[in-house]
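Take a look at the structure below.
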Amino acid sequence: MTQRRLAAILAADVVGYSRLVSADEADALTRLSMLRREIIEPGITKHSGRLFKIMGDGFLAEFASAVQAVNCAIAIQAEVEQAASAFDDARKMRLRIGIHVGDVMVEGDDLMGDGVNIAARLESIAAPGGLSISRAVHDQVRDRIDVAFDDKDEIALKNIARPVQVFALAGSKSMTAKQASVPAPALALPDKPSIAVLPFQNMSGDPEQEYFADGMVEDIITALSRFKSLFVIARNSSFTYKGKAVDIKQVGRELGVRYVLEGSVRKAGSRVRITGQLIEAATGSHIWADKFDGGLEDVFGLQDQVTTSVVGLIAPKLVQAEIERALQKPTDRLDGYDFYLRGMASLYRGAVPEAYELFKKAIGQDPEYAAAYAVAASALMRQQADSGVTLTDEMRTEALRFAELGSRLANEDALALARCGHVVTYLGHEYDRGASLVEQAVALNPNLAMAWHSRGWVSLMCAQPERAIESFDRMIRLSPLDPLRMGAWTGTSFALFHLGRYDDGAAVAVKSIQYRTDAQTLGAYIMNSVRAGRVAEAREAAARLLKLQPDFRVSHVKEAFPIRSLDERERIAAALRDAGLPH
């Protein structure tokens, strides 16, 4: 006799997996395996579920309750989206998820029947990165989890006899229908990324945690305010929502912000857990979510950790979200900020000359735009760094002129100061001035990963390898998925070479090469490998470098790897010669 039982079924698959396989089969398979091993399977286990079927890029899981299934789906989507942020749009690996509660037939470890089929159909209509659930699931979770769903009405699903009422994940819980029916007048959005940090919910019932949560939110607001590229709502306005059930879309309208950060604090025994999520107000879509655990014995240390982590992680997320918004904007409606954002998108994908032209357009529309001057100078610097071939005198002069203008206009813009300091050190060999500019940057905004990235490279060029490694480590800790981490790995590899740690240096360089192959990444690998005694591997990499850049010569070392110390430059040059690179 066939056994039956009631179960919550979660169905998921990878969006556009065939396209990803067609573009790079090995990469797609490796990343899918990583998602299953590091995110999906642990997430299902954590929420007391059971993975009972894998079908290519999809999977099915069973849960005893709808609440467990939905919480699992939200957690998995947050982690998968975070992992996808390291890649450009064409390479992002994202999930669709559908959940249904229904009767299933049991055959060994497998489940089948309408309960499974409806979940699979719900998955097929979910948005990329999204979640669709049936009415049966919604009825069980709507008062038990702190997220809201949009009613998509009844939908006829393929091969399902009757239409199913579908709900799609929207965001945090809405206000009552009566409140929502009278929308507040919308404020105009500022001309840069705008964010409000709402008071975190105290889920512990302990009044002491209320003060802790409020203090942490105040620290986050203060830290975010140091980013001159952000518009941050002041505490007095954000805290008017304290203790209220809010509609994130209405918060966005009332405060005139594009993004909202919300979270909660929960104490259990001597431990405390803080969660946070960043939401795009207009759509209710989740951009980032994370949780932090610690002991109450060092509650203020935990507060600092959360503040640093949240700010370091969400600031790059805001920039990436703004870039994606600018890329979708009609070309006849672009302003200086849009050109800047499009230039950053080009820079991230390696289209450096294109990025430079876009930054110049941004400057043309706003001659006082310090950050645009800084990144335009950086784009020219990167052309030399990536190729290992010296810039023309005209290009070098232009880069240094832009860096000079950017540093003068920067005032307290940490990003502009950091990039300008990097350029004047690398191209102008002004080591003391460059160090001064990047130190100003990290002092102004110690949560800005870009500032620590520039400090690492400037420290390296000033022949301070330990300081460079410390800076690169700080950068990656602040922004672990930032595209700049490839540069941090490369810089760390150079620093390890200077410290004589050649095996370690070669291993770190390999991490960079997996993402980007250029004169910097290959050069770091070559010099470490040849000194580690792996001459054949070094020579193979040298041949690869010459294939990419036939004009590369060891004599370029003074410009391509401009270490202040002549002795260190000679060590680099000697290692490159020993690997067979031409003089």
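Residue numbering restarts at 1 in every chain; chains get A, B, ... in the order shown in the structure tokens, and ligands count up from 1 in that same order.
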Subject >> Who sits within 8 Å of stretch 528-534 of chain A, only C-alpha atoms, same chain under 5 positions skipped, as number ranges by chain >> reply: A: 493, 497, 502-503, 505-506, 575, 578-579
**OP:** Using only C-alpha atoms, determine which residues lie at most 8 Å from A:Ser471, disregarding the query and same-chain residues fewer than 4 positions distant; provide the list as a list of chain:residue names.
**Re:** A:Trp452, A:His453, A:Arg455, A:Gly456, A:Arg467, A:Met475
Original post:
Which neighbours of A:Asp153 fall inside 8 Å, counting only C-alpha atoms, when residues of the same chain fewer than 6 positions from it are skipped, and could you give them as an NGL selection string?
Top reply: :A and (165-167)
Original post:
Which residue, A:Tyr337, A:Tyr17, A:Phe227, A:Tyr348, has the smallest gap to A:Gln320 when you use only C-alpha atoms?
Top reply: A:Tyr348
Original post:
Which residues come within 7 Å of A:Ala362, counting only C-alpha atoms, excluding same-chain residues fewer than 4 positions away, as a list in words?
Top reply: Gly336, Tyr337, Phe339, Tyr340, Leu358, Asp366 and Ala372 of chain A
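Omitting A:Asp551 and its sequence neighbours fewer than 2 positions away, and counting only C-alpha atoms, the residues within 12 Å are A:Ser387, A:Gly388, A:Val389, A:Thr390, A:Ala519, A:Leu545, A:Leu546, A:Lys547, A:Leu548, A:Gln549, A:Arg553, A:Val554, A:Ser555, A:His556, A:Leu581, A:Pro582, A:His583.
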Write the selection just made, keeping C-alpha atoms, as a PDB file, in the first residue's frame?
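Saved to again.pdb:
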ATOM      1  CA  SER A 387      49.740  45.639 -19.313  1.00  0.00           C
ATOM      2  CA  GLY A 388      53.063  46.239 -17.585  1.00  0.00           C
ATOM      3  CA  VAL A 389      53.843  48.643 -20.444  1.00  0.00           C
ATOM      4  CA  THR A 390      54.610  52.276 -19.607  1.00  0.00           C
ATOM      5  CA  ALA A 519      50.920  41.697 -16.028  1.00  0.00           C
ATOM      6  CA  LEU A 545      52.573  36.983 -20.107  1.00  0.00           C
ATOM      7  CA  LEU A 546      54.453  37.611 -23.360  1.00  0.00           C
ATOM      8  CA  LYS A 547      51.563  36.179 -25.344  1.00  0.00           C
ATOM      9  CA  LEU A 548      49.261  38.687 -23.651  1.00  0.00           C
ATOM     10  CA  GLN A 549      51.745  41.581 -23.765  1.00  0.00           C
ATOM     11  CA  ARG A 553      60.270  43.945 -20.841  1.00  0.00           C
ATOM     12  CA  VAL A 554      62.114  43.552 -17.541  1.00  0.00           C
ATOM     13  CA  SER A 555      63.307  47.128 -18.001  1.00  0.00           C
ATOM     14  CA  HIS A 556      59.713  48.214 -17.364  1.00  0.00           C
ATOM     15  CA  LEU A 581      61.470  37.379 -19.688  1.00  0.00           C
ATOM     16  CA  PRO A 582      63.380  39.630 -22.141  1.00  0.00           C
ATOM     17  CA  HIS A 583      65.408  42.554 -20.870  1.00  0.00           C
TER      18      HIS A 583
END
Closest pair table for stretch 288-376 of chain A residues within 6 Å of stretch 263-282 of chain A, only C-alpha atoms, as a Markdown table:
| residue | atom | partner | partner_atom | distance |
| --- | --- | --- | --- | --- |
| A:Trp288 | CA | A:Leu278 | CA | 5.1 |
| A:Ala289 | CA | A:Gln277 | CA | 4.1 |
| A:Asp290 | CA | A:Gly276 | CA | 5.6 |
| A:Lys291 | CA | A:Thr275 | CA | 4.2 |
| A:Phe292 | CA | A:Ile274 | CA | 5.1 |
| A:Asp293 | CA | A:Arg273 | CA | 4.5 |
| A:Gly294 | CA | A:Val272 | CA | 5.6 |
| A:Gly295 | CA | A:Arg271 | CA | 4.5 |
| A:Leu296 | CA | A:Ser270 | CA | 5.6 |
Pick out the residues sitting within 10 Å of A:Gly16, and hand them over as a tab-separated table (two decimals) with C-alpha atoms, in the first residue's frame; count only C-alpha atoms, and ignore anything fewer than 6 positions along from it in its own chain.
chain	number	residue	atom	x	y	z
A	57	ASP	CA	20.67	22.18	-11.71
A	90	ALA	CA	26.11	37.50	-17.39
A	91	ARG	CA	27.82	35.12	-14.91
A	92	LYS	CA	25.56	35.47	-11.85
A	93	MET	CA	24.21	32.13	-10.61
A	94	ARG	CA	20.78	32.73	-9.06
A	95	LEU	CA	17.91	30.53	-7.88
A	128	PRO	CA	15.20	35.24	-10.30
**OP:** With a distance cut-off of 9 Å and only C-alpha atoms, select the neighbouring residues of stretch 392-408 of chain A, excluding the residue or stretch itself and same-chain residues fewer than 6 positions from it, and output the selection as a ChimeraX atom specification.
**Re:** /A:368-381,416-421,423-424,427-428,437
Go ahead and write the selection's residues with N, CA and C atoms as a PDB file, in the first residue's frame.
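For reference, result.pdb as written:
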ATOM      1  N   GLU A 368      33.337  69.825 -10.884  1.00  0.00           N
ATOM      2  CA  GLU A 368      33.738  69.797  -9.475  1.00  0.00           C
ATOM      3  C   GLU A 368      33.633  68.389  -8.886  1.00  0.00           C
ATOM      4  N   TYR A 369      33.503  67.388  -9.735  1.00  0.00           N
ATOM      5  CA  TYR A 369      33.218  66.004  -9.308  1.00  0.00           C
ATOM      6  C   TYR A 369      34.532  65.315  -8.922  1.00  0.00           C
ATOM      7  N   ALA A 370      34.894  65.382  -7.647  1.00  0.00           N
ATOM      8  CA  ALA A 370      36.189  64.868  -7.180  1.00  0.00           C
ATOM      9  C   ALA A 370      36.351  63.384  -7.468  1.00  0.00           C
ATOM     10  N   ALA A 371      35.317  62.586  -7.165  1.00  0.00           N
ATOM     11  CA  ALA A 371      35.423  61.140  -7.357  1.00  0.00           C
ATOM     12  C   ALA A 371      35.615  60.788  -8.825  1.00  0.00           C
ATOM     13  N   ALA A 372      34.989  61.552  -9.738  1.00  0.00           N
ATOM     14  CA  ALA A 372      35.135  61.276 -11.172  1.00  0.00           C
ATOM     15  C   ALA A 372      36.571  61.530 -11.630  1.00  0.00           C
ATOM     16  N   TYR A 373      37.195  62.615 -11.142  1.00  0.00           N
ATOM     17  CA  TYR A 373      38.602  62.850 -11.463  1.00  0.00           C
ATOM     18  C   TYR A 373      39.469  61.695 -10.943  1.00  0.00           C
ATOM     19  N   ALA A 374      39.162  61.253  -9.725  1.00  0.00           N
ATOM     20  CA  ALA A 374      39.975  60.204  -9.100  1.00  0.00           C
ATOM     21  C   ALA A 374      39.894  58.899  -9.873  1.00  0.00           C
ATOM     22  N   VAL A 375      38.682  58.504 -10.281  1.00  0.00           N
ATOM     23  CA  VAL A 375      38.561  57.224 -10.980  1.00  0.00           C
ATOM     24  C   VAL A 375      39.048  57.323 -12.427  1.00  0.00           C
ATOM     25  N   ALA A 376      38.961  58.516 -13.027  1.00  0.00           N
ATOM     26  CA  ALA A 376      39.532  58.699 -14.368  1.00  0.00           C
ATOM     27  C   ALA A 376      41.043  58.510 -14.314  1.00  0.00           C
ATOM     28  N   ALA A 377      41.675  59.091 -13.284  1.00  0.00           N
ATOM     29  CA  ALA A 377      43.113  58.895 -13.097  1.00  0.00           C
ATOM     30  C   ALA A 377      43.434  57.429 -12.846  1.00  0.00           C
ATOM     31  N   SER A 378      42.589  56.762 -12.051  1.00  0.00           N
ATOM     32  CA  SER A 378      42.793  55.340 -11.755  1.00  0.00           C
ATOM     33  C   SER A 378      42.687  54.484 -13.012  1.00  0.00           C
ATOM     34  N   ALA A 379      41.764  54.856 -13.907  1.00  0.00           N
ATOM     35  CA  ALA A 379      41.593  54.080 -15.135  1.00  0.00           C
ATOM     36  C   ALA A 379      42.856  54.139 -15.995  1.00  0.00           C
ATOM     37  N   LEU A 380      43.463  55.321 -16.083  1.00  0.00           N
ATOM     38  CA  LEU A 380      44.723  55.432 -16.839  1.00  0.00           C
ATOM     39  C   LEU A 380      45.833  54.646 -16.144  1.00  0.00           C
ATOM     40  N   MET A 381      45.905  54.744 -14.828  1.00  0.00           N
ATOM     41  CA  MET A 381      46.909  53.987 -14.076  1.00  0.00           C
ATOM     42  C   MET A 381      46.749  52.494 -14.312  1.00  0.00           C
ATOM     43  N   ALA A 416      37.870  59.496  -3.001  1.00  0.00           N
ATOM     44  CA  ALA A 416      38.676  60.307  -3.917  1.00  0.00           C
ATOM     45  C   ALA A 416      40.109  60.433  -3.396  1.00  0.00           C
ATOM     46  N   LEU A 417      40.266  60.652  -2.103  1.00  0.00           N
ATOM     47  CA  LEU A 417      41.614  60.788  -1.529  1.00  0.00           C
ATOM     48  C   LEU A 417      42.412  59.495  -1.698  1.00  0.00           C
ATOM     49  N   ALA A 418      41.761  58.351  -1.467  1.00  0.00           N
ATOM     50  CA  ALA A 418      42.461  57.070  -1.559  1.00  0.00           C
ATOM     51  C   ALA A 418      42.926  56.805  -2.989  1.00  0.00           C
ATOM     52  N   ARG A 419      42.039  56.983  -3.956  1.00  0.00           N
ATOM     53  CA  ARG A 419      42.412  56.706  -5.348  1.00  0.00           C
ATOM     54  C   ARG A 419      43.480  57.673  -5.833  1.00  0.00           C
ATOM     55  N   CYS A 420      43.353  58.938  -5.469  1.00  0.00           N
ATOM     56  CA  CYS A 420      44.364  59.918  -5.896  1.00  0.00           C
ATOM     57  C   CYS A 420      45.720  59.606  -5.267  1.00  0.00           C
ATOM     58  N   GLY A 421      45.709  59.179  -4.002  1.00  0.00           N
ATOM     59  CA  GLY A 421      46.969  58.803  -3.351  1.00  0.00           C
ATOM     60  C   GLY A 421      47.631  57.630  -4.039  1.00  0.00           C
ATOM     61  N   VAL A 423      47.323  56.834  -7.243  1.00  0.00           N
ATOM     62  CA  VAL A 423      47.825  57.262  -8.558  1.00  0.00           C
ATOM     63  C   VAL A 423      49.123  58.058  -8.436  1.00  0.00           C
ATOM     64  N   VAL A 424      49.172  59.024  -7.495  1.00  0.00           N
ATOM     65  CA  VAL A 424      50.386  59.852  -7.410  1.00  0.00           C
ATOM     66  C   VAL A 424      51.574  59.016  -6.952  1.00  0.00           C
ATOM     67  N   LEU A 427      52.151  56.377 -10.439  1.00  0.00           N
ATOM     68  CA  LEU A 427      52.587  57.048 -11.670  1.00  0.00           C
ATOM     69  C   LEU A 427      53.521  58.225 -11.420  1.00  0.00           C
ATOM     70  N   GLY A 428      53.349  58.898 -10.270  1.00  0.00           N
ATOM     71  CA  GLY A 428      54.175  60.075  -9.991  1.00  0.00           C
ATOM     72  C   GLY A 428      55.350  59.811  -9.086  1.00  0.00           C
ATOM     73  N   LEU A 437      47.902  60.911   1.620  1.00  0.00           N
ATOM     74  CA  LEU A 437      46.539  60.932   1.113  1.00  0.00           C
ATOM     75  C   LEU A 437      45.764  59.679   1.531  1.00  0.00           C
TER      76      LEU A 437
END
**OP:** Grab the atom CA of A:Phe63 to atom CA of A:His100 distance for me, in Å with one decimal place.
**Re:**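 Atom-to-atom, atom CA of A:Phe63 to atom CA of A:His100, that is 10.4 Å.
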Original post:
From the list A:Ala463, A:Ala315, A:Ser565, A:Ala385, which residue is nearest A:Met450 when using only C-alpha atoms?
Top reply: A:Ala315
**OP:** In Å, rounded to a single decimal, give me how far atom CA of A:Gly130 is from atom CA of A:Gln77.
**Re:**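 Interatomic distance here is 7.4 Å.
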**OP:** Assign secondary structure with DSSP using the backbone only, and return the residues of stretch 211-352 of chain A in helix (DSSP H, G or I) as a PyMOL selection string.
**Re:** chain A and resi 211-225+235-241+248-255+296-327+331-333+336-348+352
